[in-house]
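The file run.pdb contains PDB, C-alpha atoms and all ligand atoms:
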```
ATOM      1  CA  VAL E   1     147.614  98.216 159.433
ATOM      2  CA  ASP E   2     147.328 101.199 161.727
ATOM      3  CA  VAL E   3     149.540 100.740 164.780
ATOM      4  CA  ALA E   4     148.655 103.546 167.189
ATOM      5  CA  ASP E   5     151.061 102.705 170.017
ATOM      6  CA  LYS E   6     154.584 101.423 169.767
ATOM      7  CA  PRO E   7     154.476  97.677 170.369
ATOM      8  CA  GLU E   8     156.734  96.147 172.966
ATOM      9  CA  ARG E   9     158.303  93.982 170.250
ATOM     10  CA  TYR E  10     157.772  93.074 166.634
ATOM     11  CA  VAL E  11     157.527  89.343 165.931
ATOM     12  CA  ILE E  12     158.154  88.596 162.267
ATOM     13  CA  ILE E  13     156.850  85.192 161.226
ATOM     14  CA  GLY E  14     158.391  83.650 158.095
ATOM     15  CA  ALA E  15     161.703  83.770 156.231
ATOM     16  CA  GLY E  16     160.623  84.460 152.647
ATOM     17  CA  LYS E  17     160.713  87.675 150.673
ATOM     18  CA  THR E  18     157.785  89.175 152.607
ATOM     19  CA  ALA E  19     159.589  88.680 155.927
ATOM     20  CA  LEU E  20     162.859  90.051 154.541
ATOM     21  CA  ASP E  21     161.063  93.151 153.300
ATOM     22  CA  ALA E  22     159.143  93.573 156.573
ATOM     23  CA  CYS E  23     162.360  93.436 158.611
ATOM     24  CA  VAL E  24     164.184  95.813 156.260
ATOM     25  CA  TRP E  25     161.260  98.229 156.369
ATOM     26  CA  LEU E  26     161.150  98.239 160.177
ATOM     27  CA  LEU E  27     164.899  98.710 160.508
ATOM     28  CA  ARG E  28     164.978 101.512 157.944
ATOM     29  CA  ASN E  29     162.152 103.223 159.785
ATOM     30  CA  GLY E  30     164.026 103.457 163.036
ATOM     31  CA  VAL E  31     163.031 100.281 164.865
ATOM     32  CA  ASP E  32     165.828  99.003 167.073
ATOM     33  CA  PRO E  33     167.045  95.529 165.951
ATOM     34  CA  GLY E  34     166.677  94.430 169.578
ATOM     35  CA  ASP E  35     162.937  95.078 169.323
ATOM     36  CA  ILE E  36     162.538  92.526 166.540
ATOM     37  CA  GLN E  37     162.101  88.789 167.014
ATOM     38  CA  TRP E  38     162.330  86.761 163.814
ATOM     39  CA  ILE E  39     160.702  83.334 163.541
ATOM     40  CA  LYS E  40     162.383  81.386 160.751
ATOM     41  CA  PRO E  41     161.413  77.760 160.107
ATOM     42  CA  ARG E  42     164.107  77.554 157.414
ATOM     43  CA  GLU E  43     166.979  79.782 156.375
ATOM     44  CA  ALA E  44     166.796  80.741 152.698
ATOM     45  CA  TRP E  45     169.295  80.964 149.892
ATOM     46  CA  LEU E  46     168.786  84.303 148.202
ATOM     47  CA  GLN E  47     169.746  85.743 144.855
ATOM     48  CA  ASN E  48     172.215  88.601 144.779
ATOM     49  CA  ARG E  49     170.411  91.675 143.465
ATOM     50  CA  THR E  50     173.602  92.928 141.810
ATOM     51  CA  TYR E  51     173.324  90.068 139.312
ATOM     52  CA  THR E  52     169.585  90.098 138.671
ATOM     53  CA  GLN E  53     168.891  93.569 137.339
ATOM     54  CA  PRO E  54     168.054  94.409 133.718
ATOM     55  CA  GLY E  55     168.564  97.776 132.021
ATOM     56  CA  GLU E  56     171.908  99.382 132.715
ATOM     57  CA  LEU E  57     172.953  96.399 134.838
ATOM     58  CA  VAL E  58     172.273  93.806 132.143
ATOM     59  CA  GLY E  59     176.051  93.326 131.863
ATOM     60  CA  THR E  60     176.297  92.037 135.438
ATOM     61  CA  LEU E  61     173.176  89.938 134.875
ATOM     62  CA  LEU E  62     174.897  88.147 131.997
ATOM     63  CA  GLU E  63     178.128  87.908 134.000
ATOM     64  CA  GLY E  64     176.095  86.281 136.795
ATOM     65  CA  ILE E  65     174.666  83.710 134.402
ATOM     66  CA  SER E  66     178.165  82.801 133.234
ATOM     67  CA  LEU E  67     179.339  82.470 136.850
ATOM     68  CA  GLN E  68     176.374  80.202 137.622
ATOM     69  CA  MET E  69     177.081  78.023 134.601
ATOM     70  CA  GLU E  70     180.743  77.827 135.541
ATOM     71  CA  ALA E  71     179.809  76.761 139.069
ATOM     72  CA  ALA E  72     177.407  74.149 137.681
ATOM     73  CA  ALA E  73     180.034  72.797 135.291
ATOM     74  CA  GLN E  74     182.589  72.347 138.086
ATOM     75  CA  ALA E  75     180.321  71.211 140.937
ATOM     76  CA  THR E  76     180.619  67.671 142.265
ATOM     77  CA  SER E  77     177.420  67.687 144.360
ATOM     78  CA  MET E  78     174.408  69.828 145.150
ATOM     79  CA  ASP E  79     176.098  71.313 148.229
ATOM     80  CA  ASP E  80     179.267  71.944 146.258
ATOM     81  CA  LEU E  81     177.262  73.746 143.593
ATOM     82  CA  ILE E  82     175.631  76.047 146.137
ATOM     83  CA  ASP E  83     178.986  76.671 147.841
ATOM     84  CA  ARG E  84     180.494  77.638 144.502
ATOM     85  CA  MET E  85     177.548  79.893 143.733
ATOM     86  CA  GLU E  86     177.930  81.574 147.120
ATOM     87  CA  ALA E  87     181.679  81.994 146.595
ATOM     88  CA  ALA E  88     180.925  83.583 143.218
ATOM     89  CA  ALA E  89     178.460  85.971 144.939
ATOM     90  CA  GLN E  90     175.478  84.411 143.125
ATOM     91  CA  MET E  91     173.806  83.078 146.277
ATOM     92  CA  ARG E  92     173.395  84.962 149.522
ATOM     93  CA  ARG E  93     172.084  84.079 152.986
ATOM     94  CA  VAL E  94     171.291  86.214 155.981
ATOM     95  CA  ASP E  95     172.980  84.013 158.565
ATOM     96  CA  PRO E  96     176.369  82.702 157.392
ATOM     97  CA  ASP E  97     176.330  80.103 160.190
ATOM     98  CA  VAL E  98     173.115  78.367 159.134
ATOM     99  CA  ARG E  99     172.901  76.173 156.043
ATOM    100  CA  PRO E 100     169.692  77.161 154.197
ATOM    101  CA  ALA E 101     167.260  74.462 153.083
ATOM    102  CA  MET E 102     164.953  76.807 151.188
ATOM    103  CA  TYR E 103     165.388  78.374 147.785
ATOM    104  CA  LYS E 104     162.478  80.208 146.207
ATOM    105  CA  GLY E 105     164.279  82.821 144.195
ATOM    106  CA  ALA E 106     163.936  85.818 146.496
ATOM    107  CA  THR E 107     166.375  88.601 145.660
ATOM    108  CA  ILE E 108     168.384  90.628 148.170
ATOM    109  CA  GLY E 109     170.890  93.477 148.072
ATOM    110  CA  ASP E 110     174.041  93.391 150.171
ATOM    111  CA  TRP E 111     173.000  96.559 151.997
ATOM    112  CA  GLU E 112     169.818  94.737 153.075
ATOM    113  CA  LEU E 113     171.824  91.753 154.315
ATOM    114  CA  ASP E 114     173.978  94.093 156.365
ATOM    115  CA  ILE E 115     171.027  95.506 158.281
ATOM    116  CA  LEU E 116     169.150  92.190 158.526
ATOM    117  CA  ARG E 117     172.154  90.670 160.291
ATOM    118  CA  ARG E 118     171.618  93.139 163.120
ATOM    119  CA  ILE E 119     168.554  91.133 164.213
ATOM    120  CA  GLU E 120     169.878  88.707 166.804
ATOM    121  CA  ASP E 121     166.707  87.192 168.256
ATOM    122  CA  VAL E 122     166.035  84.496 165.676
ATOM    123  CA  VAL E 123     163.716  81.633 166.641
ATOM    124  CA  ARG E 124     164.334  78.320 164.884
ATOM    125  CA  LEU E 125     161.664  76.026 166.290
ATOM    126  CA  GLY E 126     159.788  75.192 163.082
ATOM    127  CA  HIS E 127     156.378  76.435 162.018
ATOM    128  CA  VAL E 128     154.079  78.434 164.256
ATOM    129  CA  LEU E 129     151.095  76.289 165.234
ATOM    130  CA  SER E 130     149.193  78.870 167.261
ATOM    131  CA  ILE E 131     149.578  82.265 168.894
ATOM    132  CA  GLU E 132     148.039  82.448 172.319
ATOM    133  CA  ARG E 133     147.773  85.429 174.668
ATOM    134  CA  HIS E 134     151.100  84.762 176.369
ATOM    135  CA  ARG E 135     152.865  82.188 174.223
ATOM    136  CA  ILE E 136     153.548  81.192 170.672
ATOM    137  CA  VAL E 137     153.364  77.455 170.082
ATOM    138  CA  LEU E 138     155.746  76.176 167.424
ATOM    139  CA  ALA E 139     156.349  72.709 166.012
ATOM    140  CA  GLU E 140     159.412  72.196 168.197
ATOM    141  CA  GLY E 141     158.655  74.234 171.311
ATOM    142  CA  SER E 142     157.054  77.418 172.529
ATOM    143  CA  ILE E 143     158.167  80.967 173.315
ATOM    144  CA  ALA E 144     156.711  83.763 175.373
ATOM    145  CA  THR E 145     154.719  86.594 173.845
ATOM    146  CA  SER E 146     152.182  89.158 175.045
ATOM    147  CA  PRO E 147     149.280  91.284 173.804
ATOM    148  CA  ARG E 148     151.817  94.127 173.573
ATOM    149  CA  HIS E 149     153.789  92.250 170.893
ATOM    150  CA  LEU E 150     152.940  92.933 167.263
ATOM    151  CA  HIS E 151     152.889  89.650 165.325
ATOM    152  CA  VAL E 152     153.562  90.193 161.635
ATOM    153  CA  HIS E 153     152.264  87.353 159.454
ATOM    154  CA  CYS E 154     154.734  86.805 156.594
ATOM    155  CA  ALA E 155     154.073  83.073 156.374
ATOM    156  CA  ALA E 156     151.733  82.871 153.387
ATOM    157  CA  ASN E 157     153.171  80.607 150.711
ATOM    158  CA  ALA E 158     153.370  83.067 147.841
ATOM    159  CA  PHE E 159     153.555  80.540 145.044
ATOM    160  CA  PRO E 160     152.300  77.107 146.054
ATOM    161  CA  ARG E 161     153.792  74.226 144.175
ATOM    162  CA  THR E 162     151.261  72.614 141.885
ATOM    163  CA  PRO E 163     151.582  69.527 139.726
ATOM    164  CA  SER E 164     152.917  70.217 136.260
ATOM    165  CA  LEU E 165     150.327  69.810 133.502
ATOM    166  CA  PRO E 166     150.885  69.905 129.752
ATOM    167  CA  ILE E 167     150.480  73.560 128.805
ATOM    168  CA  PHE E 168     148.577  72.794 125.582
ATOM    169  CA  ALA E 169     145.604  70.380 125.659
ATOM    170  CA  ALA E 170     142.687  69.814 123.312
ATOM    171  CA  ASP E 171     140.328  72.228 125.026
ATOM    172  CA  ARG E 172     142.569  74.537 127.001
ATOM    173  CA  ILE E 173     145.886  76.176 127.620
ATOM    174  CA  THR E 174     147.165  75.786 131.189
ATOM    175  CA  LEU E 175     149.530  78.692 131.620
ATOM    176  CA  GLN E 176     152.734  77.785 133.415
ATOM    177  CA  ALA E 177     156.263  79.064 133.343
ATOM    178  CA  VAL E 178     158.826  77.718 130.925
ATOM    179  CA  ARG E 179     161.577  80.128 131.846
ATOM    180  CA  ILE E 180     162.159  80.812 135.522
ATOM    181  CA  GLY E 181     160.794  84.043 136.960
ATOM    182  CA  LEU E 182     159.720  85.823 133.791
ATOM    183  CA  VAL E 183     155.927  86.026 133.912
ATOM    184  CA  PRO E 184     155.361  88.406 130.963
ATOM    185  CA  PHE E 185     157.883  86.527 128.820
ATOM    186  CA  ASN E 186     156.263  83.178 129.633
ATOM    187  CA  ALA E 187     152.780  84.461 128.819
ATOM    188  CA  ALA E 188     154.017  85.934 125.540
ATOM    189  CA  LEU E 189     155.888  82.737 124.711
ATOM    190  CA  VAL E 190     152.785  80.574 125.134
ATOM    191  CA  ALA E 191     150.735  83.009 123.036
ATOM    192  CA  PHE E 192     153.424  83.013 120.338
ATOM    193  CA  VAL E 193     153.602  79.226 120.173
ATOM    194  CA  GLU E 194     149.799  78.961 120.153
ATOM    195  CA  ALA E 195     149.653  81.410 117.260
ATOM    196  CA  HIS E 196     152.455  79.848 115.206
ATOM    197  CA  ARG E 197     152.139  76.087 115.696
ATOM    198  CA  ASP E 198     149.213  73.712 115.088
ATOM    199  CA  ASP E 199     150.153  70.433 116.739
ATOM    200  CA  ASP E 200     149.704  70.228 120.544
ATOM    201  CA  ALA E 201     152.510  67.678 120.938
ATOM    202  CA  GLU E 202     154.886  70.026 119.139
ATOM    203  CA  LYS E 203     153.668  72.992 121.188
ATOM    204  CA  ASN E 204     154.247  71.070 124.418
ATOM    205  CA  ARG E 205     157.704  70.055 123.273
ATOM    206  CA  LEU E 206     158.522  73.728 122.776
ATOM    207  CA  CYS E 207     156.947  74.748 126.096
ATOM    208  CA  PRO E 208     157.735  72.290 128.920
ATOM    209  CA  PRO E 209     156.181  73.429 132.236
ATOM    210  CA  ASN E 210     158.664  74.612 134.836
ATOM    211  CA  PRO E 211     157.225  74.473 138.387
ATOM    212  CA  PHE E 212     158.076  76.914 141.184
ATOM    213  CA  GLY E 213     161.042  76.018 143.323
ATOM    214  CA  ASP E 214     161.248  75.352 147.052
ATOM    215  CA  THR E 215     164.722  73.874 147.617
ATOM    216  CA  PRO E 216     168.180  74.388 146.095
ATOM    217  CA  LEU E 217     167.700  71.232 144.012
ATOM    218  CA  ASP E 218     164.713  72.901 142.366
ATOM    219  CA  TRP E 219     167.047  75.576 141.033
ATOM    220  CA  VAL E 220     168.879  72.817 139.156
ATOM    221  CA  ARG E 221     165.627  71.258 137.928
ATOM    222  CA  GLY E 222     164.329  74.640 136.786
ATOM    223  CA  MET E 223     167.531  75.491 134.958
ATOM    224  CA  LEU E 224     167.585  72.087 133.250
ATOM    225  CA  ILE E 225     164.018  72.530 132.023
ATOM    226  CA  GLN E 226     164.564  76.026 130.688
ATOM    227  CA  MET E 227     167.918  75.236 129.114
ATOM    228  CA  GLY E 228     166.416  72.112 127.514
ATOM    229  CA  ALA E 229     163.677  74.273 126.030
ATOM    230  CA  ASP E 230     166.263  76.784 124.879
ATOM    231  CA  ARG E 231     168.135  74.034 123.078
ATOM    232  CA  ILE E 232     164.969  72.872 121.311
ATOM    233  CA  TRP E 233     164.235  76.429 120.232
ATOM    234  CA  SER E 234     167.778  76.821 118.903
ATOM    235  CA  ARG E 235     167.531  73.619 116.882
ATOM    236  CA  LYS E 236     164.164  74.680 115.590
ATOM    237  CA  GLN E 237     165.662  77.897 114.359
ATOM    238  CA  THR E 238     168.530  76.067 112.641
ATOM    239  CA  SER E 239     166.205  73.624 110.912
ATOM    240  CA  ARG E 240     164.032  76.491 109.727
ATOM    241  CA  HIS E 241     166.990  78.291 108.175
ATOM    242  CA  GLY E 242     165.802  81.173 106.061
ATOM    243  CA  SER E 243     162.345  81.250 107.581
ATOM    244  CA  ASN E 244     160.617  84.427 108.605
ATOM    245  CA  ALA E 245     161.951  85.838 111.882
ATOM    246  CA  ARG E 246     158.350  85.854 113.134
ATOM    247  CA  ASP E 247     158.503  82.072 113.071
ATOM    248  CA  SER E 248     161.517  81.837 115.303
ATOM    249  CA  ILE E 249     161.063  81.376 119.036
ATOM    250  CA  ARG E 250     164.500  82.663 119.834
ATOM    251  CA  CYS E 251     164.249  86.216 121.058
ATOM    252  CA  ALA E 252     165.478  88.709 123.594
ATOM    253  CA  GLY E 253     164.838  87.303 127.047
ATOM    254  CA  CYS E 254     165.971  83.813 126.065
ATOM    255  CA  VAL E 255     168.883  83.815 128.467
ATOM    256  CA  PRO E 256     169.007  81.408 131.409
ATOM    257  CA  MET E 257     167.292  83.303 134.190
ATOM    258  CA  PRO E 258     166.232  82.713 137.757
ATOM    259  CA  MET E 259     162.472  81.559 138.632
ATOM    260  CA  THR E 260     158.313  80.680 138.075
ATOM    261  CA  ASN E 261     154.701  78.526 137.570
ATOM    262  CA  GLY E 262     151.006  78.257 136.439
ATOM    263  CA  CYS E 263     147.323  79.062 134.840
ATOM    264  CA  SER E 264     144.931  78.485 131.846
ATOM    265  CA  VAL E 265     143.213  79.713 128.675
ATOM    266  CA  ARG E 266     140.928  77.931 126.176
ATOM    267  CA  HIS E 267     141.758  77.452 122.517
ATOM    268  CA  GLY E 268     139.566  79.327 120.055
ATOM    269  CA  GLY E 269     137.495  82.423 120.622
ATOM    270  CA  SER E 270     136.205  81.896 124.158
ATOM    271  CA  ARG E 271     139.397  81.387 126.128
ATOM    272  CA  ARG E 272     139.135  81.002 129.856
ATOM    273  CA  MET E 273     141.609  81.031 132.671
ATOM    274  CA  SER E 274     141.815  78.053 134.990
ATOM    275  CA  GLY E 275     144.300  75.561 136.383
ATOM    276  CA  PRO E 276     146.170  74.966 139.592
ATOM    277  CA  ALA E 277     148.138  78.118 139.980
ATOM    278  CA  SER E 278     146.194  80.495 137.798
ATOM    279  CA  SER E 279     145.296  83.050 140.420
ATOM    280  CA  ALA E 280     148.792  83.218 141.877
ATOM    281  CA  TRP E 281     150.269  83.613 138.436
ATOM    282  CA  LEU E 282     147.837  86.328 137.458
ATOM    283  CA  ARG E 283     148.333  88.192 140.706
ATOM    284  CA  SER E 284     152.110  88.120 140.553
TER     285      SER E 284
HETATM  286  C1  LIG S 301     157.049  84.761 138.957
HETATM  287  C2  LIG S 301     157.924  85.121 140.095
HETATM  288  C3  LIG S 301     158.472  86.384 140.133
HETATM  289  C4  LIG S 301     159.276  86.735 141.216
HETATM  290  N1  LIG S 301     159.815  87.979 141.250
HETATM  291  C5  LIG S 301     160.580  88.334 142.288
HETATM  292  C6  LIG S 301     161.141  89.632 142.392
HETATM  293  O1  LIG S 301     160.940  90.476 141.535
HETATM  294  N2  LIG S 301     161.917  89.918 143.469
HETATM  295  C7  LIG S 301     162.141  89.005 144.438
HETATM  296  O2  LIG S 301     162.836  89.289 145.405
HETATM  297  N3  LIG S 301     161.627  87.784 144.366
HETATM  298  C8  LIG S 301     160.859  87.419 143.329
HETATM  299  N4  LIG S 301     160.349  86.165 143.254
HETATM  300  C9  LIG S 301     160.691  85.206 144.268
HETATM  301  C10 LIG S 301     159.923  85.457 145.528
HETATM  302  O3  LIG S 301     160.690  86.302 146.334
HETATM  303  C11 LIG S 301     159.714  84.119 146.164
HETATM  304  O4  LIG S 301     158.678  83.455 145.506
HETATM  305  C12 LIG S 301     159.460  84.232 147.632
HETATM  306  O5  LIG S 301     159.524  82.934 148.152
HETATM  307  C13 LIG S 301     158.141  84.841 148.005
HETATM  308  O6  LIG S 301     158.215  85.129 149.384
HETATM  309  P1  LIG S 301     157.002  85.047 150.372
HETATM  310  O7  LIG S 301     157.504  85.582 151.673
HETATM  311  O8  LIG S 301     155.816  85.713 149.797
HETATM  312  O9  LIG S 301     156.639  83.501 150.493
HETATM  313  P2  LIG S 301     157.541  82.305 150.979
HETATM  314  O10 LIG S 301     158.910  82.390 150.467
HETATM  315  O11 LIG S 301     156.747  81.081 150.667
HETATM  316  O12 LIG S 301     157.660  82.546 152.529
HETATM  317  C14 LIG S 301     156.804  82.043 153.463
HETATM  318  C15 LIG S 301     157.631  81.850 154.718
HETATM  319  O13 LIG S 301     156.767  81.552 155.787
HETATM  320  C16 LIG S 301     157.239  80.397 156.450
HETATM  321  N5  LIG S 301     156.094  79.746 157.045
HETATM  322  C17 LIG S 301     155.079  79.082 156.455
HETATM  323  N6  LIG S 301     154.212  78.642 157.365
HETATM  324  C18 LIG S 301     154.671  79.052 158.575
HETATM  325  C19 LIG S 301     154.224  78.917 159.910
HETATM  326  N7  LIG S 301     153.107  78.255 160.219
HETATM  327  N8  LIG S 301     154.978  79.447 160.904
HETATM  328  C20 LIG S 301     156.110  80.142 160.628
HETATM  329  N9  LIG S 301     156.569  80.316 159.379
HETATM  330  C21 LIG S 301     155.869  79.760 158.369
HETATM  331  C22 LIG S 301     157.942  79.584 155.387
HETATM  332  O14 LIG S 301     158.847  78.682 155.972
HETATM  333  C23 LIG S 301     158.635  80.704 154.627
HETATM  334  O15 LIG S 301     159.812  81.088 155.282
HETATM  335  C24 LIG S 301     159.534  85.795 142.228
HETATM  336  C25 LIG S 301     158.951  84.539 142.179
HETATM  337  C26 LIG S 301     158.169  84.203 141.117
HETATM  338  C27 LIG S 301     157.575  82.843 141.074
END
```
Can you dump the structure from the file as structure tokens?
Amino acid sequence: VDVADKPERYVIIGAGKTALDACVWLLRNGVDPGDIQWIKPREAWLQNRTYTQPGELVGTLLEGISLQMEAAAQATSMDDLIDRMEAAAQMRRVDPDVRPAMYKGATIGDWELDILRRIEDVVRLGHVLSIERHRIVLAEGSIATSPRHLHVHCAANAFPRTPSLPIFAADRITLQAVRIGLVPFNAALVAFVEAHRDDDAEKNRLCPPNPFGDTPLDWVRGMLIQMGADRIWSRKQTSRHGSNARDSIRCAGCVPMPMTNGCSVRHGGSRRMSGPASSAWLRS
């Protein structure tokens, strides 16, 4: 987008990763926080970047996983779990006074939170229904705007939730995540299982689909699915004691990790991509 003249105000629409990045970018490029209006239908729980980095920071990543498991083991309710995760610096939120209802796995650094908190004009009136010349109509009210405001659309749903399908069927493979958030690992996993197992029921047992999350409860569902799969892989390895390492599904990357979903390939020579979330998955 080429913005020739400085707009009167920037109106950021959405509260996902795109909106977070848009706000951070504006603030780091000299825009005054008072010139930003932020429309947030829901506040989001965010992952702490300190605990989600590989490479040299893999130690803190593993520490983070242990802190999450500890919180899960001690929690007495969903809210209590999230509170414990926040206290252990595993979950972050921009506004400490608003209880988030959204969790989609976006990652944030503390330095970003610090500057995002300088934006004070936050609109919490639900989804935008329309933007007119002089007003924005939202689900629960309307606010003034003008042609001199720059409206930044960050409201596209990056990864729509689609129904889970068995990954392996007679005539196709519907690619979906098994482990949260690891697209290359998930693709490689499905290819590995396809190459090393013959029975579709067995392949599906090894690769349960793990849909994208939207709420904090989905974090629990996602972790349960991936840890259940992990357990099956571990047992498989034990029962195949002495087998070739190539036959074992356990590998680097099989640690409980934050977030993903779906697409499709055909068995045999002419494989084709299809399925509910194929394009999103391939684009990501
Ligand atoms: C495979 C995978 C890999 C990922 N990797 C990373 C990563 O490396 N780093 C990272 O930070 N995150 C990662 N994520 C998580 C990612 O940040 C989340 O998926 C995030 O939700 C994407 O943000 P978004 O802004 O694109 O979409 P969304 O989070 O869906 O945000 C859309 C926002 O717009 C709002 N909205 C919708 N309609 C309207 C409307 N009419 N009016 C106003 N607001 C509206 C919604 O309420 C929401 O706040 C990954 C996710 C997946 C699945």
Check what the PyMOL selection byres (((not hetatm)) within 7 of (chain S and resi 301)) selects in the file above and give those residues as a ChimeraX atom specification.
-> /E:13-19,39-42,104-108,126-129,154-159,181-183,212,259-261,281,284
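One finds atom CA of Leu61 of chain E at 24.4 Å from atom CA of Asp95 of chain E.
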One decimal, Å: what's the distance from atom CA of His134 of chain E over to atom CA of Ile36 of chain E, could you say?
-> 17.0 Å
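Considering the residues E:Val123, E:Asp5, E:Ile173, E:Glu194 and counting only C-alpha atoms, Leu138 of chain E has its shortest atom-to-atom contact with E:Val123.
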Tell me, in Å to one decimal, how far atom CA of Ala101 of chain E is from atom CA of Ala44 of chain E.
-> 6.3 Å
Nearest residue to Arg9 of chain E from the set E:Leu81, E:Ile65, E:Ala191, E:Val31 (distances using only C-alpha atoms) | E:Val31
Box centre and edge lengths (Å, one decimal), axis-aligned, segment 148-153 of chain E plus 3 Å each side, as AutoDock Vina command-line options:
```
--center_x 152.8 --center_y 90.7 --center_z 166.5 --size_x 8.0 --size_y 12.8 --size_z 20.1
```
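If all atoms listed in the file are the atoms counted, then among E:Arg231, E:Pro33, E:Trp219, E:Arg124 the closest residue to Gly141 of chain E is E:Arg124.
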Take the PyMOL selection byres (((chain E and resi 118) around 10) and not hetatm), apply it to the structure above, and return the hits as an MDAnalysis selection string.
-> chainID E and resid 27 32:34 36 94 113:117 119:121
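With all atoms listed in the file as the atoms that count, the residue of E:Leu217, E:Ala201, E:Val11, E:Leu206 with the shortest distance to Ala170 of chain E is E:Ala201.
Proximity ranking of E:Pro163, E:Val98, E:Trp38, E:Met223 relative to Ile143 of chain E places E:Trp38 first, based on all atoms listed in the file.
Comparing E:Met227, E:Pro147, E:Asn210, E:Tyr103 by their smallest distance to Met69 of chain E, the closest is E:Met227 (using only C-alpha atoms).
Summary of the local environment: counting only C-alpha atoms, residues at most 12 Å from Ala4 of chain E, other than itself and those fewer than 2 positions away along its chain, are E:Val1, E:Asp2, E:Lys6, E:Pro7, E:Arg148, E:Leu150.
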Check what the PyMOL selection byres (((chain E and resi 85) around 12) and not hetatm) selects in the file above and give those residues as a ChimeraX atom specification.
-> /E:45-48,51,64-75,78-84,86-93,216,219
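Residues lying within 7 Å of Phe168 of chain E, counting all atoms listed in the file and ignoring same-chain neighbours fewer than 4 positions away, are Arg172, Ile173, Thr174, Asp200, Lys203 and Asn204 of chain E.
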